[in-house]
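Here's the structure, in structure tokens; my notes come after.
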Amino acid sequence: MNKPLLSVEQLSVTFNHSQTVVDAISFTIQAGETFALVGESGSGKSMTALSVLRLLPNNAKISAQRIDLQGDNLLTHSEFELCKIRGRRIGLIFQDPLSSLNPVMSIGSQIAEVINIHFNLSKTELKQRVLELLQQVEIPNPEQRLKDYPHQLSGGQRQRVMIAIALAGKPDLLIADEPTTALDVTIQAQILALLTNIQQQTGMALWLISHDLALVSTMADRVAVMQQGKIVETGLTAELFANPKHPYTQKLLGVLPSIHNAGKNLITRISTPLLQVSDFYCHYPIRKGIFKRVVDYVRAVDGVSFSIEQRKTLALVGESGCGKTTLGKSLLNLLPSQGRVVMNGIELNTLTGEALRQQRANIQIVFQDPFSSMNPRLLVGDIIAEGIRALHPEITADERIARVKKLLQQVDLPEDSLYRYPHEFSGGQRQRICIARALAVDPKLIVCDEPTSALDVSVQAQIIQLLKTLQQEQGVSYLFITHDLAVVAEIAHEIAVMYQGKIIEQGTAKQVLTQPQHAYTQQLLNAVPVLKTA
């Protein structure tokens with residue numbers, strides 16, 4: 001075997017001299033190969049990558065025998081010398097492009113900044129190189145996009161800009177840290193195809209960090225599985241996934257959602273409609289000119305109709321921008337809309353004032369990002385009790401506390417969570433708190449807006465099972481908004497596919513996922529990564 005491009009020996013990382021987050025791990029990456037480091041959040045994957053580049057905070061301490069890049073021990077380099085390696089010999093794509101890009105710099109300037117650090121180009125050559133990179137990552141109309149700012153781009157386009165910045169130094173190794181988390185399946189497929197094409201063109205090695213095992217199985221040559229700071233299993237991708245040896249790897253593969261599970265393990269019963277939506281619209285006016293006259297409308301939701309039965313789950317699927325979240329918020333009267341929304345015989349969108357406030361107890365929402373949807377200054381007990389206090393003022397303080405404790409028990413959180421703040425919990429635990437908050441007022445319907453999109457497979461499986469259990473025990477119905485069709489197969493009784501503000505296909509989960517009628521539904525299904533074991 002050729003000498004490795006990167007060789008890491010006995011790497012450990014500790015925080016505050018006591019907390020070990022990476023524990024004596026060793027691995028190699030060959031030139032031109034795709035190496036994947038997989039595991040749950042908190043396992044130490046991202047910390048390992050940041051350690052190689054020495055990008056850790058001041059309270060972190062690195063120890064290792066060697067971190068060798070093509071015969072060059074990075075541990076012996078000064079900070080000044082490392083700056084010449086970062087971005088030049090090793091590129092890094094961060095997980096969240098919006099928070100990683102500078103909001104007050106144009107994307108052209110941000111790409112040019114990296115090139116200026118590592119290469120001495122004229123102004124004309126610099127602009128040409130920036131345009132080449134934008135073309136390489138397939139940004140449409142690159143000449144026009146040079147002066148755009150990050151907020152003017154879609155999630156997929158921002159990720160492409162991050163890739164362009166990482167490629168600007170022509171690195172030998174590209175580290176991609178969860179490059180497709182929370183992206184639509186079609187955009188995800190485009191980003192992965194893009195990385196594969198660039199790798200073939202340049203011959204660089206790719207270090208993929210992910211918790212998505214299906215994605216890894218289609219991309220990686222070799223895989224290392226990480227748990228609690230240790231690498232517990234390493235091997236060729238197909239062999240490792242076909243015959244996992246370590247119990248942790250077996251556990252991760254065991255909870256992986258699959259489209260083939262559509263309709264399985266779901267209790268189906270004859271029930272009556274709970275919510276009926278007819279000719280529902282949500283249009284945003286486009287205003288132009290000095291007098292800001294309305295010249296057109298953004299048709300976010302454009303005449304949709306559907307129904308949700310009691311104790312059933314309707315999954316609303318589609319790409320970002322198709323109108324899924326707008327529809328979910330509009331049903332709760334959080335956004336202006338038109339159409340007919342009838343729940344238990346009451347027309348919700350004709351209600352105002354106190355009548356509307358009382359009906360809010362019947363329909364609640366769980367947002368995509370649990371942390372930003374909770375007040376960070378409130379204790380968890382107060383967050384959950386807020387709805388009870390507002391909609392049921394007759395309940396005493398003692399009864400309210402008892403109710404909150406019971407809710408915490410239902411969502412498998414310890415009772416002392418009552419007196420802790422949101423930042424003290426993991427992502428999966430915070431999502432459980434949001435589910436408890438939604439359940440606090442005994443709703444008949446919960447709108448779940450991408451509740452599992454950024455969670456690890458094991459935590460995702462726990463949340464799905466929790467929602468299914470609550471549905472059986474409490475009889476609650478769900479409008480489950482997502483772009484992840486594998487998750488849909490695990491939880492949904494029926495599916496509605498949304499495209500450009502319209503529902504283009506509806507049916508049972510099994511029917512839509514196994515016999516799609518519309519070309520767009522087929523496109524979504526074709527983009528879903530499938531675990532490959534051979």
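Ordered as shown in the structure tokens, chains take letters A, B, and onward, while each chain numbers its residues from 1 and ligands are numbered from 1 in the order shown.
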
Expected answer as a PyMOL selection string: strand (DSSP E) residues in stretch 175-388 of chain A: chain A and resi 175-177+205-210+222-227+230-236+273-288+293-309+313-317+338-343+346-347+363-366

Within 10 Å of stretch 31-55 of chain A: each stretch 176-219 of chain A residue with its shortest pair, only C-alpha atoms, as CSV:
```
residue,atom,partner,partner_atom,distance
A:Ala176,CA,A:Ala49,CA,9.4
A:Asp177,CA,A:Ser46,CA,6.7
A:Glu178,CA,A:Ser46,CA,8.9
A:Thr196,CA,A:Thr34,CA,9.2
A:Gln199,CA,A:Gly32,CA,7.4
A:Gln200,CA,A:Gly32,CA,8.2
A:Thr202,CA,A:Gly32,CA,8.7
A:Gly203,CA,A:Gly32,CA,5.1
A:Met204,CA,A:Gly32,CA,4.9
A:Ala205,CA,A:Gly32,CA,4.1
A:Leu206,CA,A:Thr34,CA,4.6
A:Trp207,CA,A:Phe35,CA,4.9
A:Leu208,CA,A:Ala36,CA,4.5
A:Ile209,CA,A:Leu37,CA,5.0
A:Ser210,CA,A:Val38,CA,5.2
A:His211,CA,A:Val38,CA,5.3
A:Asp212,CA,A:Val38,CA,7.7
A:Leu213,CA,A:Val38,CA,7.4
A:Val216,CA,A:Ala36,CA,6.7
A:Ser217,CA,A:Ala36,CA,9.2
A:Met219,CA,A:Thr34,CA,7.0
```

Kindly assemble as CSV a list of the stretch 92-196 of chain A residues that lie within 12 Å of stretch 26-30 of chain A, each paired with its nearest atom pair and their distance in Å to one decimal, using only C-alpha atoms, sorted first by chain and then by ascending residue number.
```
residue,atom,partner,partner_atom,distance
A:Asp172,CA,A:Gln30,CA,10.4
A:Leu173,CA,A:Ile29,CA,9.0
A:Leu174,CA,A:Ile29,CA,11.1
A:Ile175,CA,A:Ile29,CA,11.1
```

Selection near A:Pro257, 10 Å with only C-alpha atoms, sequence-local residues under 6 positions removed, as a list in words: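 With the cut-off at 10 Å, the set is Ala214, Val457, Ser458, Gln460, Ala461, Ile464, Asp484, Leu485, Ala486, Val487, Val488, Ala489, Glu490, Ile491 and Val530 of chain A.
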
Contacts of A:Glu9 within 8 Å, only C-alpha atoms, excl. fewer than 4 positions in-chain, as a PyMOL selection string: chain A and resi 24-27+64-67

Nearest-residue call for A:Arg158, choices A:Phe94, A:Tyr248, A:Phe371, A:Tyr419, using only C-alpha atoms: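 Ranked by minimum distance to A:Arg158, first place goes to A:Phe94.
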
Those of stretch 366-453 of chain A in DSSP helix (DSSP H, G or I), formatted as JSON, numbers by chain: {"A": [380, 381, 382, 383, 384, 385, 386, 387, 388, 389, 390, 391, 397, 398, 399, 400, 401, 402, 403, 404, 405, 406, 407, 408, 409, 410, 415, 416, 417, 418, 419, 422, 423, 424, 427, 428, 429, 430, 431, 432, 433, 434, 435, 436, 437, 438, 439]}

Surrounding residues of A:Gly328 excluding itself and chain neighbours under 6 positions, 8 Å, only C-alpha atoms, as a VMD selection string: chain A and resid 447 449 479 481

Keeping only N, CA, C and O atoms, write the selected residues as a PDB file, in the first residue's frame.
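again20.pdb, freshly written:
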```pdb
ATOM      1  N   VAL A 447     -48.768  19.830  14.465  1.00  0.00           N
ATOM      2  CA  VAL A 447     -48.000  20.051  13.238  1.00  0.00           C
ATOM      3  C   VAL A 447     -46.529  19.865  13.590  1.00  0.00           C
ATOM      4  O   VAL A 447     -45.980  20.610  14.395  1.00  0.00           O
ATOM      5  N   ASP A 449     -42.956  20.157  12.239  1.00  0.00           N
ATOM      6  CA  ASP A 449     -42.220  20.756  11.125  1.00  0.00           C
ATOM      7  C   ASP A 449     -40.758  20.312  11.156  1.00  0.00           C
ATOM      8  O   ASP A 449     -39.955  20.833  11.910  1.00  0.00           O
ATOM      9  N   LEU A 479     -49.681  16.286  11.469  1.00  0.00           N
ATOM     10  CA  LEU A 479     -49.284  16.719  10.131  1.00  0.00           C
ATOM     11  C   LEU A 479     -47.767  16.763  10.192  1.00  0.00           C
ATOM     12  O   LEU A 479     -47.177  17.649  10.818  1.00  0.00           O
ATOM     13  N   ILE A 481     -44.360  17.346   8.606  1.00  0.00           N
ATOM     14  CA  ILE A 481     -43.728  18.044   7.487  1.00  0.00           C
ATOM     15  C   ILE A 481     -42.265  17.640   7.414  1.00  0.00           C
ATOM     16  O   ILE A 481     -41.526  17.775   8.396  1.00  0.00           O
TER      17      ILE A 481
END
```

Minimum-distance residue to A:Val459, chosen among A:Ala168, A:Ile388, A:Leu256, A:Ile435 (using only C-alpha atoms): A:Leu256

Residues near A:Gln110, cut-off 8 Å, only C-alpha atoms, skip fewer than 6 positions along chain, as a VMD selection string: chain A and resid 101 to 102 165

Residue among A:Ser320, A:Gln188, A:Asn362, A:Thr237 lying closest to A:Val441, counting only C-alpha atoms: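 Residue with the minimum atom-to-atom distance to A:Val441: A:Asn362.
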